[in-house]
Amino acid sequence: MRQFDVFVFDENYDEAQGKLPQPPFTDPELGWFFTSNWNKHLDEIEGEWVIFAHPSIKINRNFLNNVAEVTDSFPMVDAFAPRIRTDKGKFLGGYLLKPAAKGSGFVEIDENAPLRYVAAPHPFLAVFSRRIIQRTGGFDTTLPEYARLADFTLRMMHAGGKMFSVPYLVAQATNEEAETVVSNASSEKARGLMGVRDLKSTAIVLSKAFGAEASVPFALHHPSVILTLLRNRKQRKEKRKAATLLSKLKADFLKEVTAK
C-alpha cells in the first residue's frame, strides 16, 4: 500500500490524446493521477491517504511531509482541509456552515482560526483517507467542479467522517486563478458556494445534504435559486436518501461545524 495518491483534476486534460502533465517528482510511496474524469480512477486508489487538488496547487515534498505529519498526529480524523496561500500571500481556507437563521450557506474560516473541524474544504484542495472514500462513494459529476469537494465532504459527514483544519497544514497556490477566487470572494456577486461563482450550486449542495431545512432559508435570502430548487426534485431527493438513510451525522457535531 502506498502512503499517498494525488489526483489532479482539470477539464482540459485529455487522457485519450495523452495530453497530461508529468508529475513534478516520483516516489514509490506516491501515486499520481492527472485526469478530467473525477470518478474514473477511484477504484485504482492504493494510497492510505488521497489528495484531490486543482492544478494551481503546488504538490511538493514539503507539503506531503506536512500531510504525513498531520495524518499521523490525528489518526482518528478521516479528512483534512489544508489552508492555502496564493503567490501574493492571500489566504484561502476551509468552510463552516452558515446557520439557517442567517440564511444557510458557507462561511470561510478566519485566517487565524485554531485547530478545528470544518464542513467543507476549499474547492481547490482536500485530503481524505481511503477508508472514508470507500464508505462515501464517488463524486457527483452533475455539479460544477468547484462544488464537488463540498458535496462529497457533506456526504462523508453522513457516512460518519469528519474533516479537520490544521493551521500548519498549508499549500501554495501558484497561478492567477487562485487570486481570482480571492477577488471574487469579496465581491457582491460571490455569495455562492464558498465565495465562488454560483449560488445555484450552493442551493443544490445544501438541498442534497440537509433538505428543505437548509435550502429553504438559503432560497429566501437568494430568490434567484428558487427555480433551480424546483427542478429535478425527485432525482435530488433520491440522492439525499441514498446519502442520509443510515446517516451517522450527530447534531452536536453539526453544531460544531456551523458558524456562530
# chains A, B, ... in the order shown; residues from 1 in each chain; ligands from 1
>>> residues_around(residues="Asn62 in chain A", least_positions_apart="6", cutoff="10 Å", atoms="only C-alpha atoms", output="list of chain:residue names")
A:Ala68, A:Val170, A:Ala171
>>> closest_atom_pairs(of="range 78-175 of chain A", to="range 45-49 of chain A", cutoff="7 Å", atoms="only C-alpha atoms", output="tab-separated table")
residue	atom	partner	partner_atom	distance
A:Val127	CA	A:Trp49	CA	6.9
A:Phe128	CA	A:Trp49	CA	5.8
A:Ser129	CA	A:Trp49	CA	4.4
A:Arg130	CA	A:Glu48	CA	5.4
>>> write_last_selection(atoms="C-alpha atoms", output="PDB file, in the first residue's frame")
ATOM      1  CA  VAL A 127      -7.253  15.206   1.775  1.00  0.00           C
ATOM      2  CA  PHE A 128      -9.324  12.087   2.512  1.00  0.00           C
ATOM      3  CA  SER A 129      -8.488   8.673   3.909  1.00  0.00           C
ATOM      4  CA  ARG A 130      -9.023   5.769   1.541  1.00  0.00           C
TER       5      ARG A 130
END
>>> residues_around(residues="Gly89 in chain A", least_positions_apart="2", cutoff="10 Å", atoms="only C-alpha atoms", output="MDAnalysis selection string")
chainID A and resid 84:87 91:92 172:173 179
>>> select_by_dssp(residues="range 113-244 of chain A", states="strand (DSSP E)", output="JSON, numbers by chain")
{"A": [116, 117, 118, 125, 126, 127, 128, 129, 163, 164, 165, 170, 171, 172, 173]}
>>> atom_distance(atom1="CA of His122 in chain A", atom2="CA of Tyr146 in chain A")
8.6 Å
